[in-house]
Amino acid sequence: GTSRRARTRARIRQRTAPHHRTREVSCRARMMASTAPRAATATTRTMSAWRRPSTTTSSISPRARRACAARASSSNANANGNGNGSNKTLVKVCGITSVEDCAVATASGADFIGMILWPKSKRSVTEDAAKAIAARAKADGAIPIAVFVDEDAATIVRVCDAIGVDHAQLHGDGARDALEALPMRVRAVWVLNADANGKIVTKFPGDEDKLIAARQKNMSGEQGWRAAVDFVNGPRRVVDWLLIDGVNAGSGTAFDWTKLKAPRGASRKGWLLAGGLTPENVAEAIDAAHPNGVDVASGVADASGVAKDEAKIKAFVANARNGATTTA
C-alpha cells in the first residue's frame, strides 16, 4: 500500500511539474519587466550625476565668491603669522593728547591710538579728553587703547566704559596684576619689558610660578582630570596683544632687537615692538625682529616731548609700511 501511494504521487508530480515551472518563469519575467524601467532610470541618474561637471566659479554668486576670497586672504595672513588679515605692519601711535594729533595719526595710516590715563605721565589725559580722542579714532577707523600702569581692575573697567574704549594696555605691575579680574569684553594689551640686550625681564601673562605649581599639584591627585577643567574655567589669563618695550618705557631708549626672541603663542593676535623707535630706525627694527606691529610715542613727538610732529608721524608710518612683512 505504501509503495503504491508513493508511485501515485510521483506520477502526479511528473504531470504538474511543467505547469509549475512555466508559472514560476512567467512570474519572474513579469517582475523583471516591471522593475526594469525603474532600474534603468536609477542607473541613468547615477551615471548623470557621475558625469555632471563640478561647479564652476561662474555658477557661484558674487557675494559667495567675495566671502571665499576674504576667507582665503585671512587664512594666508594668519599662516604667515600676521593675524591682522593683511600683510602690512600695524602701527600704534601712543601718548596722543589731543583730537588734532589723533586726526593726524589716523590720516597718516595709524591702526591704533594710545592714550595714557596714568596721571603721573607727562602725556596723561583726562577722561573727558580721552573720550573725545577715542571717538575721533573710531570715526577714522582706528582702535583707541587706554594705557594703565598701576590701576586696579575696577578702575580700569570703569575708565574704559566711561571713555568708550574696549582695549586696555597693562603697562605696569599693578595693571598687569589686574588681568585675572578683567572681564573678557575688555581686550588686554600686555606689556613686556626687555633689557638692553633684548632679554625679556617681565613675566608673561598666566605663567606665574604659583599657578604652575598649583596646577601640577592638582593634576597629581586622584581628581587630576579636573585640573584642566578648572584651568579653563578659572581666572582669565588670555591677552589679545603683547607689547615689548624697553625697561624704561617712554624714555625713547632702544634695545638690541636682533637678540630679542619673538614671543609665540602667548597672545591671541600677535605682538607689537616698542622702545626707541623713530622714523629713521623703524624699518631696521622690523627687519630685525619681525613684529606684527610697532608702537611709537616720543619718536614722533615735537620739541615739547608731548605734542606730536605731523611730518614725523607720516614718515614713521610710511617707513613702517615699507619695512619687512611680519613672519612671527
# chains A, B, ... in the order shown; residues from 1 in each chain; ligands from 1
>>> residues_around(residues="Ile200 in chain A", least_positions_apart="2", cutoff="10 Å", atoms="only C-alpha atoms", output="list in words")
Leu192, Asn193, Ala194, Asp195, Ala196, Asn197, Gly198, Thr202, Lys203, Phe204, Ile244, Asp245, Gly246, Val247, Leu260, Lys261, Ala262 and Pro263 of chain A
>>> closest_residue(among="A:Val317, A:Ile145, A:Ala266, A:Leu243", to="Cys160 in chain A", atoms="only C-alpha atoms")
A:Ile145
>>> closest_residue(among="A:Ala153, A:Ala297, A:Leu272, A:Ile163", to="Val189 in chain A", atoms="only C-alpha atoms")
A:Leu272
>>> closest_residue(among="A:Ala311, A:Ala320, A:Ile143, A:Ala107", to="His167 in chain A", atoms="only C-alpha atoms")
A:Ile143
>>> residues_around(residues="Arg123 in chain A", least_positions_apart="3", cutoff="12 Å", atoms="only C-alpha atoms", output="PyMOL selection string")
chain A and resi 94-98+114-120+126+129-130+147+250+297-298+301+304-308
>>> atom_distance(atom1="CA of Asp140 in chain A", atom2="CA of Met184 in chain A")
24.9 Å
>>> closest_residue(among="A:Val165, A:Leu90, A:Leu170, A:Ala188", to="Arg136 in chain A", atoms="only C-alpha atoms")
A:Val165
>>> closest_residue(among="A:Val93, A:Phe148, A:Thr258, A:Ala289", to="Ser108 in chain A", atoms="only C-alpha atoms")
A:Val93
>>> atom_distance(atom1="CA of Ala146 in chain A", atom2="CA of Gly265 in chain A")
23.7 Å
>>> select_by_dssp(residues="range 86-154 of chain A", states="strand (DSSP E)", output="ChimeraX atom specification")
/A:90-93,112-116,143-148
>>> residues_around(residues="Ala288 in chain A", least_positions_apart="5", cutoff="10 Å", atoms="only C-alpha atoms", output="list in words")
Asp256, Trp257, Thr258, Lys259, Leu260, Val282, Ala283, Gly323 and Ala324 of chain A
>>> write_last_selection(atoms="C-alpha atoms", output="mmCIF file, in the first residue's frame")
data_model
loop_
_atom_site.group_PDB
_atom_site.id
_atom_site.type_symbol
_atom_site.label_atom_id
_atom_site.label_comp_id
_atom_site.auth_asym_id
_atom_site.auth_seq_id
_atom_site.Cartn_x
_atom_site.Cartn_y
_atom_site.Cartn_z
ATOM 1 C CA ASP A 256 69.053 95.165 20.850
ATOM 2 C CA TRP A 257 66.283 93.972 18.542
ATOM 3 C CA THR A 258 68.499 91.340 16.922
ATOM 4 C CA LYS A 259 68.743 89.386 20.190
ATOM 5 C CA LEU A 260 65.059 89.610 21.011
ATOM 6 C CA VAL A 282 61.660 101.618 12.358
ATOM 7 C CA ALA A 283 62.297 99.731 9.105
ATOM 8 C CA GLY A 323 59.698 97.510 6.340
ATOM 9 C CA ALA A 324 59.741 93.717 6.283
#
>>> atom_distance(atom1="CA of Gly109 in chain A", atom2="CA of Ile313 in chain A")
9.2 Å
>>> select_by_dssp(residues="range 128-317 of chain A", states="helix (DSSP H, G or I)", output="mmCIF file with C-alpha atoms, in the first residue's frame")
data_model
loop_
_atom_site.group_PDB
_atom_site.id
_atom_site.type_symbol
_atom_site.label_atom_id
_atom_site.label_comp_id
_atom_site.auth_asym_id
_atom_site.auth_seq_id
_atom_site.Cartn_x
_atom_site.Cartn_y
_atom_site.Cartn_z
ATOM 1 C CA ASP A 128 36.939 113.794 29.015
ATOM 2 C CA ALA A 129 39.880 114.352 26.673
ATOM 3 C CA ALA A 130 40.347 110.602 26.250
ATOM 4 C CA LYS A 131 36.673 110.182 25.372
ATOM 5 C CA ALA A 132 36.936 112.795 22.613
ATOM 6 C CA ILE A 133 40.153 111.277 21.247
ATOM 7 C CA ALA A 134 38.662 107.783 21.301
ATOM 8 C CA ALA A 135 35.580 108.948 19.439
ATOM 9 C CA ARG A 136 37.726 110.530 16.699
ATOM 10 C CA ALA A 137 39.917 107.420 16.442
ATOM 11 C CA LYS A 138 36.909 105.148 15.972
ATOM 12 C CA ALA A 139 35.339 107.537 13.470
ATOM 13 C CA ALA A 153 40.715 96.072 37.692
ATOM 14 C CA ALA A 154 37.703 98.052 38.897
ATOM 15 C CA THR A 155 39.331 101.342 37.911
ATOM 16 C CA ILE A 156 40.384 100.021 34.507
ATOM 17 C CA VAL A 157 36.881 98.785 33.704
ATOM 18 C CA ARG A 158 35.237 101.994 34.919
ATOM 19 C CA VAL A 159 37.535 104.239 32.889
ATOM 20 C CA CYS A 160 37.237 102.129 29.747
ATOM 21 C CA ASP A 161 33.448 102.237 29.971
ATOM 22 C CA ALA A 162 33.452 105.972 30.646
ATOM 23 C CA ILE A 163 35.598 106.895 27.639
ATOM 24 C CA ASP A 173 52.921 95.613 37.566
ATOM 25 C CA GLY A 174 49.743 96.912 39.192
ATOM 26 C CA ALA A 175 47.799 96.938 35.948
ATOM 27 C CA ARG A 176 49.181 93.535 34.928
ATOM 28 C CA ASP A 177 48.063 92.089 38.257
ATOM 29 C CA LEU A 179 44.335 90.917 34.322
ATOM 30 C CA GLU A 180 42.644 88.000 36.086
ATOM 31 C CA ALA A 181 39.809 90.239 37.300
ATOM 32 C CA ASP A 209 55.207 80.085 39.272
ATOM 33 C CA LYS A 210 52.413 79.758 41.793
ATOM 34 C CA LEU A 211 49.884 78.951 39.075
ATOM 35 C CA ILE A 212 52.127 76.321 37.502
ATOM 36 C CA ALA A 213 52.909 74.726 40.876
ATOM 37 C CA ALA A 214 49.241 74.667 41.860
ATOM 38 C CA ARG A 215 48.212 73.062 38.583
ATOM 39 C CA GLN A 216 50.900 70.380 38.852
ATOM 40 C CA LYS A 217 49.794 69.575 42.380
ATOM 41 C CA ASN A 218 46.156 69.315 41.355
ATOM 42 C CA MET A 219 46.947 67.042 38.419
ATOM 43 C CA SER A 220 48.909 64.641 40.606
ATOM 44 C CA ARG A 226 39.644 68.135 36.908
ATOM 45 C CA ALA A 227 42.754 70.318 36.736
ATOM 46 C CA ALA A 228 42.305 71.040 33.032
ATOM 47 C CA VAL A 229 38.648 71.941 33.570
ATOM 48 C CA ASP A 230 39.473 74.205 36.496
ATOM 49 C CA PHE A 231 42.241 75.867 34.461
ATOM 50 C CA VAL A 232 39.817 76.729 31.653
ATOM 51 C CA ASN A 233 37.082 77.946 33.995
ATOM 52 C CA TRP A 257 66.283 93.972 18.542
ATOM 53 C CA THR A 258 68.499 91.340 16.922
ATOM 54 C CA LYS A 259 68.743 89.386 20.190
ATOM 55 C CA VAL A 282 61.660 101.618 12.358
ATOM 56 C CA ALA A 283 62.297 99.731 9.105
ATOM 57 C CA GLU A 284 65.537 98.314 10.541
ATOM 58 C CA ALA A 285 63.732 97.241 13.705
ATOM 59 C CA ILE A 286 61.040 95.464 11.691
ATOM 60 C CA ASP A 287 63.687 93.697 9.590
ATOM 61 C CA ALA A 288 65.443 92.528 12.769
ATOM 62 C CA ALA A 289 62.536 91.485 14.985
ATOM 63 C CA SER A 298 58.462 110.032 21.841
ATOM 64 C CA GLY A 299 59.874 109.093 18.439
ATOM 65 C CA VAL A 300 57.223 111.225 16.708
ATOM 66 C CA GLU A 310 52.944 115.711 11.780
ATOM 67 C CA ALA A 311 55.919 115.180 9.485
ATOM 68 C CA LYS A 312 57.453 112.624 11.854
ATOM 69 C CA ILE A 313 54.205 110.666 12.123
ATOM 70 C CA LYS A 314 53.827 110.495 8.347
ATOM 71 C CA ALA A 315 57.443 109.425 7.891
ATOM 72 C CA PHE A 316 57.177 106.807 10.652
ATOM 73 C CA VAL A 317 54.046 105.173 9.207
#
>>> closest_residue(among="A:Arg321, A:Lys122, A:Arg185, A:Arg9", to="Ala110 in chain A", atoms="only C-alpha atoms")
A:Arg321
>>> decode(residues="range 113-144 of chain A", atoms="N, CA, C and O atoms", output="mmCIF file, in the first residue's frame")
data_model
loop_
_atom_site.group_PDB
_atom_site.id
_atom_site.type_symbol
_atom_site.label_atom_id
_atom_site.label_comp_id
_atom_site.auth_asym_id
_atom_site.auth_seq_id
_atom_site.Cartn_x
_atom_site.Cartn_y
_atom_site.Cartn_z
ATOM 1 N N ILE A 113 45.457 104.018 18.388
ATOM 2 C CA ILE A 113 45.727 105.299 19.027
ATOM 3 C C ILE A 113 45.791 105.070 20.535
ATOM 4 O O ILE A 113 44.807 104.615 21.135
ATOM 5 N N GLY A 114 46.964 105.350 21.131
ATOM 6 C CA GLY A 114 47.141 105.128 22.559
ATOM 7 C C GLY A 114 46.982 106.408 23.362
ATOM 8 O O GLY A 114 47.530 107.459 22.995
ATOM 9 N N MET A 115 46.222 106.308 24.463
ATOM 10 C CA MET A 115 46.001 107.445 25.363
ATOM 11 C C MET A 115 46.388 107.012 26.779
ATOM 12 O O MET A 115 45.916 105.985 27.257
ATOM 13 N N ILE A 116 47.228 107.779 27.421
ATOM 14 C CA ILE A 116 47.726 107.414 28.752
ATOM 15 C C ILE A 116 46.800 107.995 29.812
ATOM 16 O O ILE A 116 46.640 109.212 29.916
ATOM 17 N N LEU A 117 46.200 107.103 30.604
ATOM 18 C CA LEU A 117 45.292 107.530 31.673
ATOM 19 C C LEU A 117 45.974 107.552 33.031
ATOM 20 O O LEU A 117 45.331 107.865 34.039
ATOM 21 N N TRP A 118 47.244 107.235 33.074
ATOM 22 C CA TRP A 118 48.008 107.266 34.324
ATOM 23 C C TRP A 118 48.404 108.707 34.604
ATOM 24 O O TRP A 118 49.145 109.318 33.821
ATOM 25 N N PRO A 119 47.942 109.302 35.685
ATOM 26 C CA PRO A 119 48.129 110.741 35.909
ATOM 27 C C PRO A 119 49.586 111.182 36.103
ATOM 28 O O PRO A 119 49.880 112.376 35.944
ATOM 29 N N LYS A 120 50.499 110.273 36.391
ATOM 30 C CA LYS A 120 51.886 110.663 36.630
ATOM 31 C C LYS A 120 52.700 110.825 35.345
ATOM 32 O O LYS A 120 53.849 111.259 35.392
ATOM 33 N N SER A 121 52.128 110.464 34.231
ATOM 34 C CA SER A 121 52.834 110.597 32.958
ATOM 35 C C SER A 121 52.694 112.031 32.423
ATOM 36 O O SER A 121 51.644 112.666 32.572
ATOM 37 N N LYS A 122 53.758 112.515 31.772
ATOM 38 C CA LYS A 122 53.698 113.857 31.183
ATOM 39 C C LYS A 122 52.743 113.899 29.981
ATOM 40 O O LYS A 122 52.346 114.979 29.540
ATOM 41 N N ARG A 123 52.381 112.738 29.473
ATOM 42 C CA ARG A 123 51.459 112.670 28.347
ATOM 43 C C ARG A 123 50.067 112.184 28.765
ATOM 44 O O ARG A 123 49.277 111.764 27.919
ATOM 45 N N SER A 124 49.776 112.262 30.050
ATOM 46 C CA SER A 124 48.469 111.779 30.512
ATOM 47 C C SER A 124 47.367 112.724 30.065
ATOM 48 O O SER A 124 47.576 113.921 29.836
ATOM 49 N N VAL A 125 46.149 112.165 29.934
ATOM 50 C CA VAL A 125 44.981 112.955 29.542
ATOM 51 C C VAL A 125 43.848 112.690 30.524
ATOM 52 O O VAL A 125 43.813 111.650 31.194
ATOM 53 N N THR A 126 42.927 113.619 30.599
ATOM 54 C CA THR A 126 41.751 113.430 31.439
ATOM 55 C C THR A 126 40.782 112.471 30.751
ATOM 56 O O THR A 126 40.914 112.176 29.553
ATOM 57 N N GLU A 127 39.814 112.016 31.507
ATOM 58 C CA GLU A 127 38.834 111.106 30.927
ATOM 59 C C GLU A 127 38.013 111.800 29.840
ATOM 60 O O GLU A 127 37.680 111.181 28.821
ATOM 61 N N ASP A 128 37.699 113.073 30.036
ATOM 62 C CA ASP A 128 36.939 113.794 29.015
ATOM 63 C C ASP A 128 37.740 113.912 27.724
ATOM 64 O O ASP A 128 37.209 113.714 26.619
ATOM 65 N N ALA A 129 39.029 114.240 27.857
ATOM 66 C CA ALA A 129 39.880 114.352 26.673
ATOM 67 C C ALA A 129 40.035 112.991 26.000
ATOM 68 O O ALA A 129 39.996 112.890 24.770
ATOM 69 N N ALA A 130 40.196 111.948 26.796
ATOM 70 C CA ALA A 130 40.347 110.602 26.250
ATOM 71 C C ALA A 130 39.094 110.164 25.503
ATOM 72 O O ALA A 130 39.177 109.513 24.453
ATOM 73 N N LYS A 131 37.928 110.540 26.029
ATOM 74 C CA LYS A 131 36.673 110.182 25.372
ATOM 75 C C LYS A 131 36.576 110.836 23.999
ATOM 76 O O LYS A 131 36.152 110.201 23.017
ATOM 77 N N ALA A 132 36.980 112.093 23.899
ATOM 78 C CA ALA A 132 36.936 112.795 22.613
ATOM 79 C C ALA A 132 37.937 112.202 21.627
ATOM 80 O O ALA A 132 37.638 112.036 20.438
ATOM 81 N N ILE A 133 39.130 111.876 22.109
ATOM 82 C CA ILE A 133 40.153 111.277 21.247
ATOM 83 C C ILE A 133 39.694 109.907 20.754
ATOM 84 O O ILE A 133 39.849 109.564 19.579
ATOM 85 N N ALA A 134 39.131 109.124 21.671
ATOM 86 C CA ALA A 134 38.662 107.783 21.301
ATOM 87 C C ALA A 134 37.563 107.856 20.251
ATOM 88 O O ALA A 134 37.536 107.056 19.305
ATOM 89 N N ALA A 135 36.670 108.801 20.411
ATOM 90 C CA ALA A 135 35.580 108.948 19.439
ATOM 91 C C ALA A 135 36.139 109.286 18.061
ATOM 92 O O ALA A 135 35.679 108.752 17.045
ATOM 93 N N ARG A 136 37.143 110.174 17.993
ATOM 94 C CA ARG A 136 37.726 110.530 16.699
ATOM 95 C C ARG A 136 38.473 109.339 16.095
ATOM 96 O O ARG A 136 38.397 109.089 14.878
ATOM 97 N N ALA A 137 39.189 108.595 16.930
ATOM 98 C CA ALA A 137 39.917 107.420 16.442
ATOM 99 C C ALA A 137 38.967 106.414 15.813
ATOM 100 O O ALA A 137 39.209 105.910 14.705
ATOM 101 N N LYS A 138 37.867 106.123 16.499
ATOM 102 C CA LYS A 138 36.909 105.148 15.972
ATOM 103 C C LYS A 138 36.233 105.666 14.710
ATOM 104 O O LYS A 138 35.975 104.892 13.775
ATOM 105 N N ALA A 139 35.953 106.966 14.665
ATOM 106 C CA ALA A 139 35.339 107.537 13.470
ATOM 107 C C ALA A 139 36.266 107.418 12.262
ATOM 108 O O ALA A 139 35.799 107.291 11.126
ATOM 109 N N ASP A 140 37.567 107.437 12.503
ATOM 110 C CA ASP A 140 38.553 107.338 11.425
ATOM 111 C C ASP A 140 38.975 105.902 11.143
ATOM 112 O O ASP A 140 39.874 105.665 10.330
ATOM 113 N N GLY A 141 38.370 104.944 11.834
ATOM 114 C CA GLY A 141 38.669 103.538 11.572
ATOM 115 C C GLY A 141 39.822 102.966 12.366
ATOM 116 O O GLY A 141 40.274 101.854 12.088
ATOM 117 N N ALA A 142 40.324 103.685 13.355
ATOM 118 C CA ALA A 142 41.419 103.190 14.198
ATOM 119 C C ALA A 142 40.859 102.667 15.525
ATOM 120 O O ALA A 142 39.711 102.939 15.881
ATOM 121 N N ILE A 143 41.678 101.931 16.243
ATOM 122 C CA ILE A 143 41.276 101.356 17.530
ATOM 123 C C ILE A 143 41.924 102.159 18.654
ATOM 124 O O ILE A 143 43.158 102.218 18.754
ATOM 125 N N PRO A 144 41.129 102.783 19.520
ATOM 126 C CA PRO A 144 41.710 103.509 20.652
ATOM 127 C C PRO A 144 42.078 102.549 21.781
ATOM 128 O O PRO A 144 41.360 101.582 22.054
#
